[in-house]
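> If you scroll down you'll find the structure; I have some questions about it.
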Amino acid sequence: MINAYAAQEPGGKLEKFEYDPGELASHDVEIDVESCGICHSDLSMLDNEWGISEYPFVPGHEVVGKISAVGEHVTSLKVGQRVGLGWHAGYCNSCGTCESGDQNLCSNATMTIGGRHGGFADKVRAQATAVVPIPDGVDPQSAGPLFCGGITVFNPLVQFDIKPTSVVGVVGIGGLGHLALQFLNAWGCKVVAFTSSESKKQEALELGAHETLNSRDKDELKAAAGKFDLIISTVNVKLDWNLYLSTLAPKGRLHFVGATLEPLDIGAFNLIGGQRSVSGSPVGSPATIKTMLDFAALHDIAPVTETFKFDDVNEAVQRLRDGKAHYRVVLTK
């Protein structure tokens with residue numbers, strides 16, 4: 001039996017929950033959970049904001065732990081190995097997308113917290129291909145958020161071949177943005193943090209930004225016209241996206257990794273005139289996650305975390321709901 005924390009209804013309190021996972025599938029592994037980050041996506045799924053949640057619902061898709069069992073056909077991982085598990089718990093492994101190395105875009109990928117139980121538990125199961133070993137040099141206590149927040153902001157650097165000479169802006173210095181600043185700085189880019197919080201300006205500079213801009217000051221944004229090769233938006237609120245487009249250099253890209261639910265009000269001429277692009281991306285493939293972890297180890301990049309015991313999971317969730325997390329919350333045994 002697996003002991004977990006589950007909600008019985010949308011927005012419900014997480015309570016102790018026990019379930020029988022059945023026999024371990026031949027291509028799966030079982031992980032003894034050591035820690036698990038809490039992501040805003042966990043809250044969205046807990047509240048059924050996206051209309052796809054199933055109850056009882058066990059959150060948790062930023063898992064770190066050691067493999068306790070492997071299926072009979074698993075050869076890539078072994079018992080006792082410390083690994084991480086992120087947004088996806090499995091892929092079809094047979095479609096063209098999977099075969100090309102873009103498993104994260106597989107239309108039949110399985111969510112770790114969708115249609116199955118997640119990592120707010122003592123154990124969790126997943127397909128071996130979705131599980132990535134944690135290298136030496138990455139602190140396992142804080143590594144969990146790298147498997148969702150970290151890879152979400154790292155993936156665009158790989159997908160769009162961002163150059164070390166690029167000028168990159170990051171909108172929103174929170175759970176995603178504080179990691180983006182670190183990755184971009186180590187990548188070699190000139191990094192500018194967009195933030196409306198005076199209290200975050202100095203910390204943004206300490207995390208890797210070379211400059212800051214007030215994201216709600218139209219005069220500052222207008223003064224930055226034509227400056228950025230890439231802007232990564234990590235926020236889930238509506239902003240004046242046409243104004244942000246005007247800050248892009250020719251062939252610049254406004255890229256969304258924050259799930260703003262309101263439609264984007266974007267004028268076509270803002271794109272056509274400078275051959276600019278608007279795009280979005282999810283988490284990365286297992287191979288890109290491995291690259292991210294190696295890069296993080298090499299450059300000493302780590303999430304800024306607060307820790308709570310699993311028994312205090314509701315207190316931890318509420319801290320994230322209240323916007324008080326600095327910057328990521330991690331549950332530990």
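In the structure tokens, the first chain shown is A, the next is B, and so on; residue numbers restart at 1 for each chain, and ligands run from 1 in the order shown.
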Can you tell me, as a PyMOL selection string, what residues are no more than 9 Å from Leu157 (chain A) when counting only C-alpha atoms, ignoring any on the same chain fewer than 6 positions away?
chain A and resi 163+183-184+187
> Can you pull out the residues contacting Ile289 (chain A)? Cut-off 8 Å, using only C-alpha atoms, and skip same-chain residues under 4 positions away; I want them as a tab-separated table (two decimals) with N, CA, C and O atoms, in the first residue's frame.

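Okay, this is what ended up in part-v6.tsv:
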chain	number	residue	atom	x	y	z
A	132	VAL	N	14.61	10.71	-14.25
A	132	VAL	CA	15.95	11.17	-14.59
A	132	VAL	C	16.85	11.12	-13.35
A	132	VAL	O	16.49	11.67	-12.30
A	147	PHE	N	12.56	19.99	-11.55
A	147	PHE	CA	11.90	19.05	-12.45
A	147	PHE	C	10.59	19.60	-13.04
A	147	PHE	O	9.99	18.95	-13.88
A	151	ILE	N	13.04	23.18	-15.43
A	151	ILE	CA	13.06	22.77	-16.83
A	151	ILE	C	12.14	23.64	-17.68
A	151	ILE	O	12.41	23.87	-18.87
A	284	GLY	N	10.45	20.18	-20.48
A	284	GLY	CA	11.31	19.63	-21.50
A	284	GLY	C	11.29	18.11	-21.54
A	284	GLY	O	10.68	17.44	-20.70
A	285	SER	N	11.98	17.57	-22.52
A	285	SER	CA	12.12	16.12	-22.67
A	285	SER	C	13.06	15.58	-21.59
A	285	SER	O	13.81	16.34	-20.97
A	293	LEU	N	20.07	19.52	-15.55
A	293	LEU	CA	20.66	19.11	-14.28
A	293	LEU	C	22.18	19.19	-14.32
A	293	LEU	O	22.82	19.66	-13.37
> Given only C-alpha atoms, how would the per-residue table for region 96-196 of chain A near region 51-70 of chain A read, listing every residue at most 9 Å away with its closest atom pair and distance in Å to one decimal, sorted by chain and number, as a tab-separated table?

residue	atom	partner	partner_atom	distance
A:Met111	CA	A:His61	CA	8.6
A:Thr112	CA	A:His61	CA	5.9
A:Ile113	CA	A:Pro59	CA	5.8
A:Gly114	CA	A:Ser53	CA	6.5
A:Gly115	CA	A:Glu54	CA	6.6
A:Arg116	CA	A:Val58	CA	8.1
A:His117	CA	A:Val58	CA	5.0
A:Gly118	CA	A:Gly60	CA	4.7
A:Gly119	CA	A:Gly60	CA	4.2
A:Phe120	CA	A:Gly60	CA	5.1
A:Ala121	CA	A:Val58	CA	7.9
A:Lys123	CA	A:Gly65	CA	8.6
A:Val124	CA	A:Val63	CA	8.6
A:Ala128	CA	A:Val70	CA	8.2
A:Ile134	CA	A:Val64	CA	8.5
A:Pro140	CA	A:Val64	CA	6.7
A:Gln141	CA	A:Val64	CA	8.0
A:Ser142	CA	A:Val64	CA	9.0
A:Ala143	CA	A:Val64	CA	7.1
A:Gly144	CA	A:Glu62	CA	4.6
A:Pro145	CA	A:Glu62	CA	5.5
A:Leu146	CA	A:Glu62	CA	7.5
A:Phe147	CA	A:Glu62	CA	5.5
A:Cys148	CA	A:Glu62	CA	6.2
A:Gly149	CA	A:Glu62	CA	8.7
> May I have the selected residues written with N, CA and C atoms, as an mmCIF file, in the first residue's frame?

data_model
loop_
_atom_site.group_PDB
_atom_site.id
_atom_site.type_symbol
_atom_site.label_atom_id
_atom_site.label_comp_id
_atom_site.auth_asym_id
_atom_site.auth_seq_id
_atom_site.Cartn_x
_atom_site.Cartn_y
_atom_site.Cartn_z
ATOM 1 N N MET A 111 0.357 12.519 -17.406
ATOM 2 C CA MET A 111 0.720 13.469 -16.359
ATOM 3 C C MET A 111 0.940 12.740 -15.036
ATOM 4 N N THR A 112 1.929 13.170 -14.294
ATOM 5 C CA THR A 112 2.195 12.570 -12.984
ATOM 6 C C THR A 112 1.011 12.760 -12.047
ATOM 7 N N ILE A 113 0.276 13.879 -12.211
ATOM 8 C CA ILE A 113 -0.863 14.144 -11.328
ATOM 9 C C ILE A 113 -2.173 14.174 -12.108
ATOM 10 N N GLY A 114 -2.203 13.507 -13.250
ATOM 11 C CA GLY A 114 -3.430 13.413 -14.030
ATOM 12 C C GLY A 114 -3.745 11.970 -14.365
ATOM 13 N N GLY A 115 -4.841 11.459 -13.832
ATOM 14 C CA GLY A 115 -5.199 10.071 -14.066
ATOM 15 C C GLY A 115 -4.395 9.085 -13.256
ATOM 16 N N ARG A 116 -3.615 9.608 -12.335
ATOM 17 C CA ARG A 116 -2.814 8.767 -11.442
ATOM 18 C C ARG A 116 -2.478 9.590 -10.209
ATOM 19 N N HIS A 117 -1.860 8.974 -9.223
ATOM 20 C CA HIS A 117 -1.566 9.673 -7.974
ATOM 21 C C HIS A 117 -0.114 10.166 -7.972
ATOM 22 N N GLY A 118 0.059 11.392 -7.467
ATOM 23 C CA GLY A 118 1.353 12.055 -7.502
ATOM 24 C C GLY A 118 2.241 11.793 -6.298
ATOM 25 N N GLY A 119 3.162 12.734 -6.093
ATOM 26 C CA GLY A 119 4.269 12.524 -5.177
ATOM 27 C C GLY A 119 4.095 13.013 -3.763
ATOM 28 N N PHE A 120 2.901 13.504 -3.384
ATOM 29 C CA PHE A 120 2.653 13.819 -1.979
ATOM 30 C C PHE A 120 2.362 12.494 -1.283
ATOM 31 N N ALA A 121 3.369 11.674 -1.154
ATOM 32 C CA ALA A 121 3.193 10.295 -0.708
ATOM 33 C C ALA A 121 4.539 9.720 -0.285
ATOM 34 N N LYS A 123 5.586 6.872 -1.543
ATOM 35 C CA LYS A 123 6.093 6.249 -2.759
ATOM 36 C C LYS A 123 5.310 6.786 -3.954
ATOM 37 N N VAL A 124 5.928 6.703 -5.119
ATOM 38 C CA VAL A 124 5.246 7.067 -6.352
ATOM 39 C C VAL A 124 5.815 6.195 -7.467
ATOM 40 N N ALA A 128 9.964 4.264 -16.479
ATOM 41 C CA ALA A 128 11.397 4.508 -16.318
ATOM 42 C C ALA A 128 11.908 5.594 -17.254
ATOM 43 N N ILE A 134 19.658 12.036 -10.660
ATOM 44 C CA ILE A 134 20.163 13.319 -10.171
ATOM 45 C C ILE A 134 21.684 13.225 -10.060
ATOM 46 N N PRO A 140 19.977 17.231 -3.462
ATOM 47 C CA PRO A 140 18.673 16.564 -3.575
ATOM 48 C C PRO A 140 17.580 17.208 -2.732
ATOM 49 N N GLN A 141 17.952 17.901 -1.660
ATOM 50 C CA GLN A 141 16.946 18.530 -0.802
ATOM 51 C C GLN A 141 16.191 19.646 -1.519
ATOM 52 N N SER A 142 16.863 20.335 -2.440
ATOM 53 C CA SER A 142 16.219 21.454 -3.132
ATOM 54 C C SER A 142 15.999 21.165 -4.614
ATOM 55 N N ALA A 143 16.317 19.958 -5.063
ATOM 56 C CA ALA A 143 16.290 19.660 -6.501
ATOM 57 C C ALA A 143 14.888 19.531 -7.079
ATOM 58 N N GLY A 144 13.894 19.192 -6.249
ATOM 59 C CA GLY A 144 12.547 18.926 -6.758
ATOM 60 C C GLY A 144 12.029 19.980 -7.719
ATOM 61 N N PRO A 145 12.068 21.276 -7.368
ATOM 62 C CA PRO A 145 11.529 22.301 -8.266
ATOM 63 C C PRO A 145 12.226 22.396 -9.616
ATOM 64 N N LEU A 146 13.428 21.847 -9.741
ATOM 65 C CA LEU A 146 14.078 21.845 -11.043
ATOM 66 C C LEU A 146 13.306 20.998 -12.050
ATOM 67 N N PHE A 147 12.565 19.987 -11.554
ATOM 68 C CA PHE A 147 11.895 19.055 -12.447
ATOM 69 C C PHE A 147 10.593 19.598 -13.036
ATOM 70 N N CYS A 148 10.181 20.780 -12.601
ATOM 71 C CA CYS A 148 9.069 21.459 -13.258
ATOM 72 C C CYS A 148 9.441 22.916 -13.501
ATOM 73 N N GLY A 149 9.586 23.698 -12.455
ATOM 74 C CA GLY A 149 9.929 25.108 -12.614
ATOM 75 C C GLY A 149 11.235 25.306 -13.354
#
> As a ChimeraX atom specification, please: every residue in region 150-248 of chain A that DSSP puts in helix (DSSP H, G or I).
/A:150-159,177-187,198-207,218-223,241-246
> Compile the contact shell of Leu243 (chain A) as number ranges by chain: residues with an atom at most 10 Å away, counting only C-alpha atoms, same-chain residues fewer than 3 positions apart removed.
A: 218, 221-222, 224-225, 239-240, 246-248, 266, 270
> For N, CA, C and O atoms, I'd like the residues from the last selection saved as an mmCIF file, in the first residue's frame.

data_model
loop_
_atom_site.group_PDB
_atom_site.id
_atom_site.type_symbol
_atom_site.label_atom_id
_atom_site.label_comp_id
_atom_site.auth_asym_id
_atom_site.auth_seq_id
_atom_site.Cartn_x
_atom_site.Cartn_y
_atom_site.Cartn_z
ATOM 1 N N LYS A 218 5.064 52.292 -17.826
ATOM 2 C CA LYS A 218 5.046 52.367 -19.284
ATOM 3 C C LYS A 218 6.214 53.187 -19.828
ATOM 4 O O LYS A 218 6.721 52.903 -20.915
ATOM 5 N N LEU A 221 9.232 50.950 -19.970
ATOM 6 C CA LEU A 221 9.105 49.973 -21.042
ATOM 7 C C LEU A 221 9.295 50.628 -22.407
ATOM 8 O O LEU A 221 9.943 50.063 -23.297
ATOM 9 N N LYS A 222 8.740 51.820 -22.592
ATOM 10 C CA LYS A 222 8.909 52.521 -23.863
ATOM 11 C C LYS A 222 10.374 52.868 -24.108
ATOM 12 O O LYS A 222 10.847 52.826 -25.251
ATOM 13 N N ALA A 224 12.787 51.080 -23.398
ATOM 14 C CA ALA A 224 13.504 49.845 -23.736
ATOM 15 C C ALA A 224 13.149 49.338 -25.128
ATOM 16 O O ALA A 224 13.447 48.185 -25.469
ATOM 17 N N ALA A 225 12.538 50.163 -25.957
ATOM 18 C CA ALA A 225 12.090 49.741 -27.292
ATOM 19 C C ALA A 225 13.236 49.137 -28.094
ATOM 20 O O ALA A 225 14.348 49.677 -28.135
ATOM 21 N N LEU A 239 -1.026 41.440 -19.056
ATOM 22 C CA LEU A 239 -0.221 42.651 -19.137
ATOM 23 C C LEU A 239 -0.439 43.282 -20.518
ATOM 24 O O LEU A 239 -1.100 42.697 -21.381
ATOM 25 N N ASP A 240 0.145 44.441 -20.725
ATOM 26 C CA ASP A 240 0.048 45.118 -22.031
ATOM 27 C C ASP A 240 1.071 44.464 -22.955
ATOM 28 O O ASP A 240 2.197 44.945 -23.108
ATOM 29 N N SER A 246 6.907 45.741 -28.287
ATOM 30 C CA SER A 246 7.677 46.883 -28.798
ATOM 31 C C SER A 246 9.092 46.917 -28.231
ATOM 32 O O SER A 246 9.969 47.580 -28.790
ATOM 33 N N THR A 247 9.327 46.204 -27.140
ATOM 34 C CA THR A 247 10.674 46.161 -26.567
ATOM 35 C C THR A 247 11.554 45.096 -27.215
ATOM 36 O O THR A 247 12.742 45.003 -26.910
ATOM 37 N N LEU A 248 10.967 44.302 -28.120
ATOM 38 C CA LEU A 248 11.749 43.268 -28.795
ATOM 39 C C LEU A 248 12.555 43.858 -29.950
ATOM 40 O O LEU A 248 12.081 44.724 -30.688
ATOM 41 N N ILE A 266 -2.922 40.952 -29.125
ATOM 42 C CA ILE A 266 -1.675 41.281 -29.809
ATOM 43 C C ILE A 266 -1.977 41.771 -31.219
ATOM 44 O O ILE A 266 -2.700 41.112 -31.982
ATOM 45 N N ASN A 270 2.587 44.569 -34.920
ATOM 46 C CA ASN A 270 3.693 44.500 -33.967
ATOM 47 C C ASN A 270 4.582 43.294 -34.227
ATOM 48 O O ASN A 270 5.755 43.279 -33.853
#
> Give the strand (DSSP E or B) residues of region 101-215 of chain A, as DSSP finds them on the backbone, and put them as a list in words.
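So, restricting region 101-215 of chain A to strand (DSSP E or B), we get Thr110, Met111, Ala121, Lys123, Val124, Arg125, Ala126, Gln127, Val131, Val132, Pro133, Val167, Val168, Gly169, Val170, Val171, Lys190, Val191, Val192, Ala193, Phe194, Glu211, Thr212 and Leu213 of chain A.
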> Could you list, as a compact mmCIF listing (two decimals) with N, CA, C and O atoms, in the first residue's frame, every residue within 6 Å of region 204-215 of chain A, counting only C-alpha atoms and ignoring same-chain residues fewer than 4 positions away?

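See selection-v8.txt below for the written result:
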# COMPACT_ATOMS: atom_id res chain seq x y z
N LEU A 181 16.53 33.66 -14.12
CA LEU A 181 17.64 34.60 -13.97
C LEU A 181 18.96 33.87 -13.80
O LEU A 181 19.98 34.24 -14.41
N GLN A 182 18.97 32.83 -13.00
CA GLN A 182 20.20 32.08 -12.75
C GLN A 182 20.68 31.36 -14.01
O GLN A 182 21.86 31.40 -14.36
N ASN A 185 21.91 33.94 -16.74
CA ASN A 185 23.19 34.54 -16.38
C ASN A 185 24.33 33.57 -16.66
O ASN A 185 25.35 33.93 -17.26
N VAL A 191 20.96 39.87 -18.83
CA VAL A 191 19.69 39.50 -18.23
C VAL A 191 19.04 40.72 -17.58
O VAL A 191 19.67 41.43 -16.79
N VAL A 192 17.77 40.94 -17.93
CA VAL A 192 17.00 42.06 -17.37
C VAL A 192 15.75 41.49 -16.69
O VAL A 192 15.00 40.74 -17.31
N ALA A 193 15.55 41.83 -15.45
CA ALA A 193 14.38 41.37 -14.70
C ALA A 193 13.28 42.41 -14.75
O ALA A 193 13.50 43.57 -14.38
N PHE A 194 12.10 42.01 -15.23
CA PHE A 194 10.91 42.85 -15.18
C PHE A 194 10.18 42.52 -13.88
O PHE A 194 9.73 41.39 -13.70
N THR A 195 10.04 43.47 -13.01
CA THR A 195 9.30 43.22 -11.77
C THR A 195 8.63 44.51 -11.31
O THR A 195 9.18 45.60 -11.48
N SER A 196 7.45 44.37 -10.74
CA SER A 196 6.75 45.53 -10.19
C SER A 196 6.98 45.64 -8.69
O SER A 196 6.46 46.55 -8.04
N LYS A 200 11.85 43.12 -4.62
CA LYS A 200 12.52 42.05 -5.37
C LYS A 200 13.66 42.54 -6.26
O LYS A 200 14.41 41.73 -6.80
> Would you mind listing what lies within 7 Å of His27 (chain A) as a list in words, with only C-alpha atoms counted and same-chain residues fewer than 4 positions away left out?
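The residues satisfying every condition are Gly71, Glu72, His73, Val74, Gln127 and Ala128 of chain A.
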> Which one is closest to Val168 (chain A): A:Lys201, A:Ala130, A:Gly137, A:His255? Count only C-alpha atoms.
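Of A:Lys201, A:Ala130, A:Gly137, A:His255, the one nearest Val168 (chain A), counting only C-alpha atoms, is A:His255.
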> Grab the CA of Thr288 (chain A) to CA of Phe154 (chain A) distance for me, in Å with one decimal place.
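Between these atoms lies a distance of 8.5 Å.
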> Using only C-alpha atoms, which of the listed residues (A:Cys106, A:Val131, A:Ala126, A:Ala7) sits closest to Arg82 (chain A)?
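Residue with the minimum atom-to-atom distance to Arg82 (chain A): A:Val131.
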> One decimal, in Å: what's the spacing between CA of Tyr327 (chain A) and CA of Met45 (chain A)?
19.9 Å
> Would you list the contacts of Trp50 (chain A) as a PyMOL selection string, taking every protein, DNA or RNA residue within 10 Å and counting only C-alpha atoms, but skipping same-chain residues closer than 6 positions in sequence?
chain A and resi 41+44+261
> How about saving the chosen residues, all heavy atoms kept, as a compact mmCIF listing (two decimals), in the first residue's frame?

# COMPACT_ATOMS: atom_id res chain seq x y z
N SER A 41 0.93 24.63 -10.46
CA SER A 41 0.13 23.67 -11.21
C SER A 41 -0.54 22.67 -10.28
O SER A 41 -1.64 22.18 -10.58
CB SER A 41 1.02 22.93 -12.22
OG SER A 41 1.55 23.84 -13.16
N SER A 44 -3.60 24.44 -9.22
CA SER A 44 -4.58 24.49 -10.30
C SER A 44 -5.29 23.16 -10.45
O SER A 44 -6.52 23.10 -10.64
CB SER A 44 -3.89 24.87 -11.62
OG SER A 44 -3.38 26.18 -11.55
N LEU A 261 -4.50 32.85 -18.33
CA LEU A 261 -5.72 32.25 -18.87
C LEU A 261 -6.50 33.20 -19.77
O LEU A 261 -7.40 32.77 -20.48
CB LEU A 261 -6.61 31.78 -17.71
CG LEU A 261 -6.00 30.69 -16.80
CD1 LEU A 261 -6.98 30.32 -15.70
CD2 LEU A 261 -5.61 29.46 -17.61
> List the spatial neighbours of Arg253 (chain A) as a PyMOL selection string - criterion: any atom at most 12 Å away, only C-alpha atoms, same-chain residues fewer than 4 positions off excluded.
chain A and resi 156-157+160-162+166-169+226-233+241+244-249+270-271+274-280
> Here is a test: counting only C-alpha atoms, which residue of A:Val138, A:Val29, A:Leu85, A:Val304 is nearest to Gly177 (chain A)?
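Looking only at the distances to Gly177 (chain A), the closest residue turns out to be A:Val304.
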> Counting only C-alpha atoms, figure out which residue out of A:Leu179, A:Leu77, A:Val153, A:Cys189 gets nearest to Thr165 (chain A).
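Closest to Thr165 (chain A) of all the choices is A:Cys189.
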> Using only C-alpha atoms, which of A:Glu23, A:Asp32, A:Asp217, A:Asp42 sits nearest Val317 (chain A)?
A:Asp42
> Just how far from CA of Val329 (chain A) is CA of Ile38 (chain A), in Å to one decimal?
5.5 Å
